[in-house]
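Source file: target-v5.txt (compact mmCIF, C-alpha atoms)
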# COMPACT_ATOMS: atom_id res chain seq x y z
CA MET I 1 -56.43 14.26 -55.45
CA THR I 2 -54.76 13.32 -58.72
CA GLY I 3 -55.51 16.83 -59.92
CA ILE I 4 -53.82 18.51 -56.96
CA ILE I 5 -50.68 16.41 -57.41
CA LEU I 6 -50.55 17.02 -61.15
CA TYR I 7 -51.10 20.78 -60.85
CA SER I 8 -48.44 21.06 -58.12
CA VAL I 9 -45.88 19.06 -60.09
CA ALA I 10 -46.58 21.06 -63.24
CA ALA I 11 -46.34 24.35 -61.31
CA ILE I 12 -43.06 23.42 -59.62
CA LEU I 13 -41.44 22.24 -62.84
CA LEU I 14 -42.70 25.33 -64.63
CA VAL I 15 -41.00 27.58 -62.06
CA VAL I 16 -37.76 25.58 -62.23
CA SER I 17 -37.85 25.72 -66.01
CA PHE I 18 -38.57 29.47 -65.96
CA LEU I 19 -35.59 30.15 -63.70
CA LYS I 20 -33.33 28.16 -65.98
CA ASP I 21 -34.50 29.41 -69.35
CA ARG I 22 -37.29 31.89 -69.99
CA LYS I 23 -37.46 31.38 -73.72
CA LYS I 24 -37.72 27.61 -73.54
CA THR I 25 -40.43 27.86 -70.89
CA LYS I 26 -42.44 30.21 -73.04
CA LEU I 27 -42.11 27.78 -75.92
CA ALA I 28 -43.21 24.91 -73.68
CA LEU I 29 -46.32 26.82 -72.62
CA LYS I 30 -47.11 27.67 -76.19
CA LYS I 31 -46.81 24.01 -77.17
CA ALA I 32 -48.96 23.02 -74.22
CA TRP I 33 -51.69 25.41 -75.34
CA VAL I 34 -51.54 24.33 -78.96
CA SER I 35 -51.91 20.64 -78.08
CA PHE I 36 -54.63 21.41 -75.52
CA GLU I 37 -56.69 23.40 -77.98
CA GLY I 38 -55.87 20.89 -80.67
CA ILE I 39 -57.70 18.01 -79.02
CA MET I 40 -60.67 20.02 -77.73
CA PRO I 41 -62.99 19.25 -80.70
CA GLN I 42 -62.51 15.49 -80.37
CA PHE I 43 -62.38 15.69 -76.63
CA LEU I 44 -65.69 17.47 -76.16
CA ALA I 45 -67.33 15.04 -78.54
CA VAL I 46 -65.94 12.05 -76.63
CA VAL I 47 -67.13 13.49 -73.33
CA CYS I 48 -70.67 13.65 -74.71
CA ILE I 49 -70.49 10.16 -76.22
CA VAL I 50 -69.39 8.79 -72.86
CA GLY I 51 -72.30 10.58 -71.21
CA ILE I 52 -74.76 9.00 -73.63
CA LEU I 53 -73.24 5.52 -73.24
CA LEU I 54 -73.15 5.61 -69.46
CA SER I 55 -76.74 6.80 -69.30
CA VAL I 56 -77.83 3.81 -71.37
CA VAL I 57 -75.48 1.11 -70.04
CA THR I 58 -76.17 0.86 -66.31
CA PRO I 59 -74.73 -1.46 -63.63
CA GLU I 60 -78.14 -3.18 -63.43
CA MET I 61 -77.89 -3.97 -67.10
CA ILE I 62 -74.39 -5.38 -66.72
CA SER I 63 -75.36 -7.50 -63.72
CA LYS I 64 -78.18 -9.06 -65.75
CA VAL I 65 -75.74 -10.49 -68.26
CA SER I 66 -72.72 -11.31 -66.10
CA GLY I 67 -74.08 -14.00 -63.77
CA LYS I 68 -71.98 -16.98 -62.65
CA GLU I 69 -73.87 -19.32 -64.96
CA SER I 70 -73.77 -17.04 -67.97
CA GLY I 71 -70.73 -18.87 -69.42
CA PHE I 72 -68.94 -17.69 -72.52
CA ILE I 73 -71.86 -15.56 -73.72
CA GLY I 74 -71.72 -13.73 -70.39
CA VAL I 75 -67.99 -13.21 -70.75
CA PHE I 76 -68.42 -11.93 -74.28
CA ILE I 77 -71.20 -9.48 -73.45
CA SER I 78 -69.35 -8.28 -70.35
CA ALA I 79 -66.24 -7.66 -72.44
CA LEU I 80 -68.31 -5.82 -75.02
CA LEU I 81 -70.03 -3.64 -72.42
CA GLY I 82 -66.65 -2.87 -70.88
CA ALA I 83 -65.30 -1.90 -74.28
CA ILE I 84 -68.03 0.58 -75.10
CA THR I 85 -68.23 2.07 -71.63
CA LEU I 86 -65.59 4.27 -70.18
CA MET I 87 -65.24 5.01 -66.51
CA PRO I 88 -62.52 6.17 -64.15
CA THR I 89 -60.54 3.14 -62.95
CA PHE I 90 -61.56 3.41 -59.31
CA VAL I 91 -65.23 3.65 -60.28
CA ALA I 92 -64.71 0.54 -62.42
CA PHE I 93 -63.41 -1.33 -59.38
CA SER I 94 -66.28 -0.33 -57.12
CA THR I 95 -68.74 -1.25 -59.88
CA ALA I 96 -67.05 -4.64 -60.27
CA ASP I 97 -67.28 -5.16 -56.52
CA THR I 98 -71.00 -4.35 -56.52
CA LEU I 99 -71.56 -6.73 -59.43
CA LEU I 100 -69.65 -9.57 -57.73
CA LYS I 101 -71.73 -9.11 -54.57
CA ASN I 102 -74.85 -9.30 -56.73
CA GLY I 103 -73.95 -12.69 -58.11
CA ALA I 104 -71.72 -11.93 -61.08
CA GLY I 105 -69.02 -14.50 -61.86
CA TYR I 106 -65.30 -13.82 -61.42
CA THR I 107 -64.61 -14.81 -65.00
CA GLN I 108 -67.14 -12.34 -66.36
CA ILE I 109 -65.96 -9.55 -64.08
CA ALA I 110 -62.32 -10.17 -65.00
CA ALA I 111 -63.25 -9.67 -68.65
CA LEU I 112 -65.28 -6.58 -67.81
CA VAL I 113 -62.53 -4.92 -65.75
CA SER I 114 -60.00 -5.75 -68.43
CA THR I 115 -61.91 -4.13 -71.28
CA LEU I 116 -63.13 -1.26 -69.11
CA THR I 117 -59.55 -0.23 -68.45
CA LEU I 118 -57.89 -1.25 -71.74
CA VAL I 119 -60.40 -0.82 -74.53
CA GLY I 120 -62.05 2.47 -75.39
CA ILE I 121 -64.45 2.53 -78.29
CA ALA I 122 -65.78 5.92 -77.21
CA THR I 123 -62.29 7.39 -77.11
CA PHE I 124 -61.32 5.88 -80.46
CA PRO I 125 -61.49 9.18 -82.44
CA LEU I 126 -59.19 10.76 -79.88
CA GLU I 127 -56.73 7.87 -79.91
CA ALA I 128 -56.68 7.72 -83.70
CA LYS I 129 -55.61 11.33 -83.78
CA TYR I 130 -52.35 10.37 -82.09
CA ILE I 131 -51.41 6.90 -83.30
CA GLY I 132 -53.46 6.71 -86.47
CA LYS I 133 -56.71 4.86 -87.21
CA LYS I 134 -54.90 1.62 -87.91
CA GLY I 135 -52.77 1.86 -84.78
CA ALA I 136 -55.75 2.60 -82.56
CA PHE I 137 -57.77 -0.18 -84.17
CA ILE I 138 -55.05 -2.80 -83.69
CA ARG I 139 -54.34 -1.75 -80.12
CA ASN I 140 -58.01 -1.91 -79.15
CA LEU I 141 -58.65 -5.16 -80.96
CA LEU I 142 -55.67 -6.90 -79.35
CA ALA I 143 -56.68 -5.56 -75.95
CA PHE I 144 -60.21 -6.87 -76.50
CA LEU I 145 -58.95 -10.34 -77.41
CA PHE I 146 -56.49 -10.23 -74.52
CA SER I 147 -59.42 -9.77 -72.14
CA PHE I 148 -60.62 -13.27 -73.03
CA ILE I 149 -57.23 -14.69 -72.08
CA VAL I 150 -57.49 -12.83 -68.79
CA ALA I 151 -61.00 -14.21 -68.27
CA TYR I 152 -59.83 -17.74 -69.13
CA ILE I 153 -56.99 -17.63 -66.62
CA PHE I 154 -59.33 -16.24 -63.96
CA GLU I 155 -61.72 -19.09 -64.69
CA LYS I 156 -58.94 -21.62 -64.12
CA VAL I 157 -57.44 -19.99 -61.04
CA MET I 158 -60.24 -18.27 -59.14
CA VAL I 159 -63.27 -20.44 -59.83
CA MET N 160 -66.10 31.45 -87.36
CA LYS N 161 -66.91 29.06 -90.17
CA LYS N 162 -63.62 27.32 -89.50
CA ILE N 163 -64.42 26.89 -85.84
CA ILE N 164 -67.84 25.44 -86.58
CA LYS N 165 -66.28 23.03 -89.03
CA ARG N 166 -63.66 21.91 -86.50
CA TYR N 167 -66.27 21.38 -83.84
CA SER N 168 -68.89 19.83 -86.12
CA PHE N 169 -68.44 16.34 -84.62
CA PHE N 170 -68.94 17.73 -81.12
CA LEU N 171 -71.97 19.76 -82.20
CA GLY N 172 -73.42 16.65 -83.81
CA VAL N 173 -73.11 14.62 -80.63
CA LEU N 174 -74.54 17.51 -78.65
CA LEU N 175 -77.59 17.44 -80.94
CA ILE N 176 -77.99 13.73 -80.20
CA ILE N 177 -78.10 14.52 -76.48
CA MET N 178 -80.71 17.21 -77.14
CA ALA N 179 -82.75 14.71 -79.14
CA LEU N 180 -82.35 12.20 -76.30
CA ILE N 181 -83.69 14.76 -73.83
CA LEU N 182 -86.74 15.30 -76.02
CA LEU N 183 -87.30 11.55 -76.44
CA ASN N 184 -86.63 10.48 -72.89
CA LYS N 185 -86.09 13.31 -70.46
CA ASP N 186 -84.53 11.23 -67.67
CA THR N 187 -81.98 9.42 -69.81
CA GLY N 188 -81.11 12.57 -71.73
CA LEU N 189 -80.55 14.68 -68.65
CA LYS N 190 -78.51 11.87 -67.12
CA ALA N 191 -76.34 11.78 -70.23
CA LEU N 192 -75.85 15.53 -70.00
CA LYS N 193 -74.91 15.30 -66.33
CA LEU N 194 -72.46 12.47 -66.98
CA ALA N 195 -70.89 14.45 -69.83
CA LYS N 196 -70.53 17.42 -67.50
CA ASN N 197 -68.88 15.19 -64.88
CA SER N 198 -66.32 13.78 -67.27
CA PHE N 199 -65.65 17.29 -68.55
CA PHE N 200 -64.74 18.46 -65.06
CA GLN N 201 -62.70 15.33 -64.50
CA MET N 202 -60.78 16.32 -67.62
CA VAL N 203 -60.18 19.86 -66.38
CA GLU N 204 -58.62 18.28 -63.33
CA VAL N 205 -55.93 16.42 -65.26
CA LEU N 206 -55.51 17.59 -68.81
CA PRO N 207 -54.09 21.15 -68.44
CA PRO N 208 -51.20 20.16 -66.11
CA ILE N 209 -50.48 17.14 -68.30
CA MET N 210 -50.23 19.37 -71.35
CA ILE N 211 -47.83 21.67 -69.49
CA LEU N 212 -45.68 18.71 -68.41
CA LEU N 213 -45.64 17.50 -72.01
CA GLY N 214 -44.64 20.94 -73.27
CA LEU N 215 -41.77 21.04 -70.80
CA MET N 216 -40.75 17.51 -71.73
CA ASP N 217 -40.80 18.49 -75.37
CA VAL N 218 -38.41 21.42 -74.96
CA TRP N 219 -36.10 20.00 -72.29
CA ILE N 220 -35.55 16.36 -73.21
CA PRO N 221 -33.36 15.98 -76.29
CA ARG N 222 -34.50 13.55 -78.96
CA GLU N 223 -31.18 11.75 -78.96
CA ARG N 224 -31.55 10.82 -75.32
CA MET N 225 -35.09 9.51 -75.79
CA ILE N 226 -33.96 7.44 -78.77
CA LYS N 227 -31.12 6.02 -76.74
CA TYR N 228 -33.34 5.01 -73.85
CA MET N 229 -36.58 4.02 -75.58
CA GLY N 230 -35.80 4.00 -79.30
CA GLN N 231 -35.37 1.30 -81.90
CA ASP N 232 -32.40 -0.41 -80.24
CA SER N 233 -33.31 0.17 -76.61
CA GLY N 234 -34.24 -3.49 -75.98
CA VAL N 235 -35.21 -4.57 -72.47
CA LYS N 236 -34.21 -1.21 -71.03
CA GLY N 237 -36.75 0.48 -73.32
CA ILE N 238 -39.51 -1.93 -72.35
CA ILE N 239 -38.92 -1.47 -68.62
CA LEU N 240 -38.77 2.31 -68.95
CA ALA N 241 -41.93 2.49 -71.07
CA MET N 242 -43.70 0.37 -68.50
CA LEU N 243 -42.48 2.39 -65.53
CA VAL N 244 -43.55 5.68 -67.08
CA GLY N 245 -46.99 4.22 -67.77
CA ILE N 246 -47.35 2.72 -64.31
CA ILE N 247 -46.65 5.96 -62.44
CA GLY N 248 -48.96 7.86 -64.76
CA ALA N 249 -52.11 9.14 -63.16
CA GLY N 250 -55.37 9.91 -64.85
CA PRO N 251 -57.85 8.31 -67.21
CA MET N 252 -56.98 6.48 -70.41
CA TYR N 253 -57.39 9.49 -72.68
CA ALA N 254 -54.84 11.44 -70.63
CA ALA N 255 -52.20 9.01 -71.93
CA PHE N 256 -52.91 9.85 -75.57
CA PRO N 257 -51.13 13.24 -75.73
CA PHE N 258 -48.04 11.57 -74.25
CA THR N 259 -47.85 9.22 -77.20
CA ALA N 260 -47.54 12.21 -79.53
CA VAL N 261 -44.44 13.46 -77.73
CA LEU N 262 -42.98 9.95 -77.44
CA ILE N 263 -43.40 9.37 -81.17
CA LYS N 264 -41.95 12.78 -81.97
CA LYS N 265 -38.92 11.98 -79.85
CA GLY N 266 -38.28 8.75 -81.72
CA VAL N 267 -39.51 6.21 -79.19
CA LYS N 268 -40.04 2.73 -80.66
CA PHE N 269 -43.71 2.07 -81.51
CA SER N 270 -43.93 -1.09 -79.41
CA ASN N 271 -42.70 0.94 -76.43
CA VAL N 272 -45.31 3.61 -77.12
CA ILE N 273 -48.04 0.95 -76.98
CA ILE N 274 -46.49 -0.68 -73.91
CA PHE N 275 -46.58 2.72 -72.23
CA MET N 276 -50.23 3.24 -73.17
CA ASN N 277 -51.44 -0.17 -72.09
CA ALA N 278 -49.44 -0.05 -68.87
CA TRP N 279 -51.00 3.33 -68.16
CA CYS N 280 -54.44 1.75 -68.63
CA VAL N 281 -54.10 -1.43 -66.58
CA ILE N 282 -51.26 -1.31 -64.06
CA LYS N 283 -51.46 2.03 -62.37
CA VAL N 284 -49.78 2.50 -59.02
CA SER N 285 -52.36 5.12 -58.12
CA THR N 286 -55.27 2.69 -58.30
CA VAL N 287 -53.74 -0.54 -56.97
CA LEU N 288 -54.90 0.25 -53.43
CA PHE N 289 -58.41 0.92 -54.68
CA GLU N 290 -58.43 -2.39 -56.48
CA ILE N 291 -57.19 -4.32 -53.45
CA SER N 292 -59.75 -2.72 -51.16
CA TYR N 293 -62.60 -3.44 -53.56
CA LEU N 294 -61.68 -6.72 -55.18
CA GLY N 295 -59.14 -8.26 -52.81
CA TYR N 296 -55.50 -9.34 -53.02
CA ASN N 297 -56.07 -12.43 -55.13
CA PHE N 298 -58.00 -10.63 -57.83
CA THR N 299 -55.55 -7.72 -57.95
CA PHE N 300 -52.36 -9.76 -58.05
CA LEU N 301 -53.62 -12.33 -60.50
CA ARG N 302 -54.64 -9.48 -62.81
CA LEU N 303 -51.22 -7.87 -62.38
CA LEU N 304 -49.48 -11.17 -63.06
CA ILE N 305 -51.36 -11.66 -66.34
CA ASN N 306 -51.16 -8.03 -67.40
CA LEU N 307 -47.40 -7.57 -67.06
CA PRO N 308 -46.42 -10.03 -69.80
CA GLY N 309 -49.65 -9.24 -71.67
CA VAL N 310 -48.82 -5.57 -72.01
CA ILE N 311 -45.38 -6.34 -73.44
CA MET N 312 -46.75 -8.89 -75.89
CA MET N 313 -49.49 -6.56 -77.09
CA GLY N 314 -46.90 -3.82 -77.64
CA TYR N 315 -44.82 -6.00 -79.92
CA LEU N 316 -47.80 -7.49 -81.71
CA THR N 317 -49.24 -4.05 -82.44
CA GLU N 318 -45.96 -2.87 -83.94
CA ARG N 319 -45.77 -6.04 -86.00
CA LEU N 320 -49.32 -5.73 -87.34
CA MET N 321 -48.91 -2.05 -88.16
CA GLY N 322 -46.49 -2.70 -90.97
CA LYS N 323 -43.56 -0.54 -92.04
CA ASP N 324 -45.47 1.87 -94.32
CA GLU N 325 -47.99 2.87 -91.70
CA LEU N 326 -45.23 3.41 -89.13
CA THR N 327 -43.27 5.61 -91.51
CA ILE N 328 -46.34 7.80 -91.97
CA ILE N 329 -46.92 8.15 -88.24
CA TYR N 330 -43.30 8.96 -87.46
CA LYS N 331 -43.10 11.51 -90.26
CA THR N 332 -45.99 13.71 -89.16

Any chance you could put this one into structure tokens?
Amino acid sequence: MTGIILYSVAAILLVVSFLKDRKKTKLALKKAWVSFEGIMPQFLAVVCIVGILLSVVTPEMISKVSGKESGFIGVFISALLGAITLMPTFVAFSTADTLLKNGAGYTQIAALVSTLTLVGIATFPLEAKYIGKKGAFIRNLLAFLFSFIVAYIFEKVMV
Amino acid sequence: MKKIIKRYSFFLGVLLIIMALILLNKDTGLKALKLAKNSFFQMVEVLPPIMILLGLMDVWIPRERMIKYMGQDSGVKGIILAMLVGIIGAGPMYAAFPFTAVLIKKGVKFSNVIIFMNAWCVIKVSTVLFEISYLGYNFTFLRLLINLPGVIMMGYLTERLMGKDELTIIYKT
């Protein structure tokens, strides 16, 4: 669905751009290709790393550590698992739902969802290519710490 | 050829690990391979059009305008814009990365770049309905309520912690 929308928007804008200025459009396409090819090495590696991680870290494994009574340790491990795993957002939500139904605590799941969406250890090499190693490190670290604040507030409000 | 192998050496290395995994534990290894294939196709669905949009953005939007709206002195306007662009973004986290390159090139303030990235990750319009249907209104809105100020704070903190030297390097290249 997202793909269809993106391809249509890109196609429409490309036509509009082409009608307005051929040269600029050609340049835009060239730039698009260069940046696409430019990230392929990192990208393909990341895709494989994600495959390895997801094959090892399963929902069953997460549900074992994220029970209601697991306390801070549970929150910490959930946050860590969320940080090393990478999944599409909507899959993350359905996973979280399954975990909650299987007895996981809201606090732990809040931390998990937060790091799943915000922190990407697997995608680090890719991110560092754009905002530098230091930038990517700081952003991920802050996001990881932020997840504990999110978990804390969930603990106070939802539980 | 040698050059290509060198560029892709990281990828080839990880591929070897998957091969080794298949030899060690066939089920896990094949699962890893299948998952890698899935995320590859997911990428094909979003990355090419995003690159084209970025190319168009690069040639059509003048640097001066970007600086005015999201640059060093853009203030609240810059924050809101960075957030909005991130929120309407669709696609996985890594799809946001190429955007940051163009934003930086066009002189967008670093805190706004990070705000854009984090907003893209956590407050996406395209997945709000998913979240509500799976995790309910309370969960979704509480998360949104915490994330909105959180994203802004993390943007500023990241810029602060980066330091001037590092930022100069990033904006130069």

12 Å contact set for range 98-103 of chain I, all atoms listed in the file, chain neighbours under 6 positions out, as a ChimeraX atom specification
/I:58-70,78,91-92,109-110,112-113 /N:293-295,298

With a cut-off of 6 Å, could you pull out the residues of chain N touching chain I and give me the nearest pair of atoms for each, distance in Å to one decimal, using all atoms listed in the file, ordered by chain and ascending number, as a tab-separated table?
residue	atom	partner	partner_atom	distance
N:Tyr167	CA	I:Pro41	CA	5.0
N:Phe170	CA	I:Ala45	CA	4.1
N:Thr187	CA	I:Ser55	CA	5.9
N:Lys190	CA	I:Ser55	CA	5.8
N:Ala191	CA	I:Gly51	CA	4.3
N:Leu194	CA	I:Gly51	CA	4.6
N:Ala195	CA	I:Gly51	CA	4.3
N:Glu204	CA	I:Gly3	CA	4.8
N:Val205	CA	I:Gly3	CA	5.4
N:Pro208	CA	I:Tyr7	CA	5.3
N:Met210	CA	I:Ala32	CA	4.8
N:Ile211	CA	I:Ala32	CA	5.0
N:Leu212	CA	I:Ala10	CA	5.7
N:Gly214	CA	I:Ala28	CA	4.2
N:Leu215	CA	I:Ala28	CA	5.0
N:Pro251	CA	I:Pro88	CA	6.0
N:Ala260	CA	I:Tyr130	CA	5.8
N:Cys280	CA	I:Thr117	CA	5.5
N:Val281	CA	I:Thr117	CA	5.9
N:Glu290	CA	I:Phe93	CA	5.9
N:Tyr293	CA	I:Asp97	CA	5.8
N:Leu294	CA	I:Asp97	CA	6.0

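Atom pair CA of Lys185 in chain N / CA of Val173 in chain N has a distance of 16.5 Å (rounded to one decimal).
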
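Of note, CA of Gln231 in chain N and CA of Ala249 in chain N are spaced 26.3 Å apart.
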
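Rounded to one decimal, CA of Leu80 in chain I and CA of Phe144 in chain I lie 8.3 Å from each other.
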
Which polymer residues have any atom within 7 Å of an atom of range 307-318 of chain N, counting all atoms listed in the file, with same-chain residues fewer than 2 positions away left out, as a ChimeraX atom specification?
/I:138-139,142 /N:269-271,273-274,277-278,303-305,320-321

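Of the listed residues I:Ile73, I:Gly82, I:Lys23, I:Pro125, the one whose atoms come nearest to Phe256 in chain N is I:Pro125, with distances taken using all atoms listed in the file.
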
Exercise. Would you kindly return, as number ranges by chain, each protein, DNA or RNA residue with an atom no farther than 10 Å from any atom of Ser233 in chain N, considering only C-alpha atoms and excluding same-chain residues fewer than 6 positions away?
Key: N: 225-227, 239-240, 267-268, 271

Your completed range 222-234 of chain N with N, CA, C and O atoms, as a compact mmCIF listing (two decimals), in the frame of the given file:
# COMPACT_ATOMS: atom_id res chain seq x y z
N ARG N 222 -34.08 14.71 -78.20
CA ARG N 222 -34.50 13.55 -78.96
C ARG N 222 -33.51 12.41 -78.88
O ARG N 222 -33.88 11.25 -78.71
N GLU N 223 -32.23 12.79 -78.97
CA GLU N 223 -31.18 11.75 -78.96
C GLU N 223 -31.26 10.90 -77.70
O GLU N 223 -31.11 9.69 -77.74
N ARG N 224 -31.52 11.57 -76.57
CA ARG N 224 -31.55 10.82 -75.32
C ARG N 224 -32.75 9.87 -75.29
O ARG N 224 -32.63 8.72 -74.87
N MET N 225 -33.90 10.36 -75.76
CA MET N 225 -35.09 9.51 -75.79
C MET N 225 -34.87 8.30 -76.70
O MET N 225 -35.28 7.19 -76.38
N ILE N 226 -34.22 8.54 -77.84
CA ILE N 226 -33.96 7.44 -78.77
C ILE N 226 -33.06 6.41 -78.10
O ILE N 226 -33.27 5.21 -78.19
N LYS N 227 -32.07 6.92 -77.39
CA LYS N 227 -31.12 6.02 -76.74
C LYS N 227 -31.82 5.14 -75.71
O LYS N 227 -31.59 3.94 -75.62
N TYR N 228 -32.71 5.77 -74.92
CA TYR N 228 -33.34 5.01 -73.85
C TYR N 228 -34.56 4.20 -74.27
O TYR N 228 -34.81 3.13 -73.74
N MET N 229 -35.35 4.72 -75.22
CA MET N 229 -36.58 4.02 -75.58
C MET N 229 -36.75 3.82 -77.08
O MET N 229 -37.82 3.46 -77.54
N GLY N 230 -35.69 4.08 -77.85
CA GLY N 230 -35.80 4.00 -79.30
C GLY N 230 -35.67 2.59 -79.86
O GLY N 230 -35.79 1.60 -79.13
N GLN N 231 -35.41 2.55 -81.14
CA GLN N 231 -35.37 1.30 -81.90
C GLN N 231 -34.50 0.22 -81.26
O GLN N 231 -34.89 -0.93 -81.21
N ASP N 232 -33.32 0.61 -80.76
CA ASP N 232 -32.40 -0.41 -80.24
C ASP N 232 -32.31 -0.39 -78.72
O ASP N 232 -31.29 -0.75 -78.14
N SER N 233 -33.39 0.03 -78.07
CA SER N 233 -33.31 0.17 -76.61
C SER N 233 -33.53 -1.14 -75.87
O SER N 233 -33.22 -1.26 -74.69
N GLY N 234 -34.08 -2.15 -76.56
CA GLY N 234 -34.24 -3.49 -75.98
C GLY N 234 -35.01 -3.53 -74.68
O GLY N 234 -36.01 -2.83 -74.51
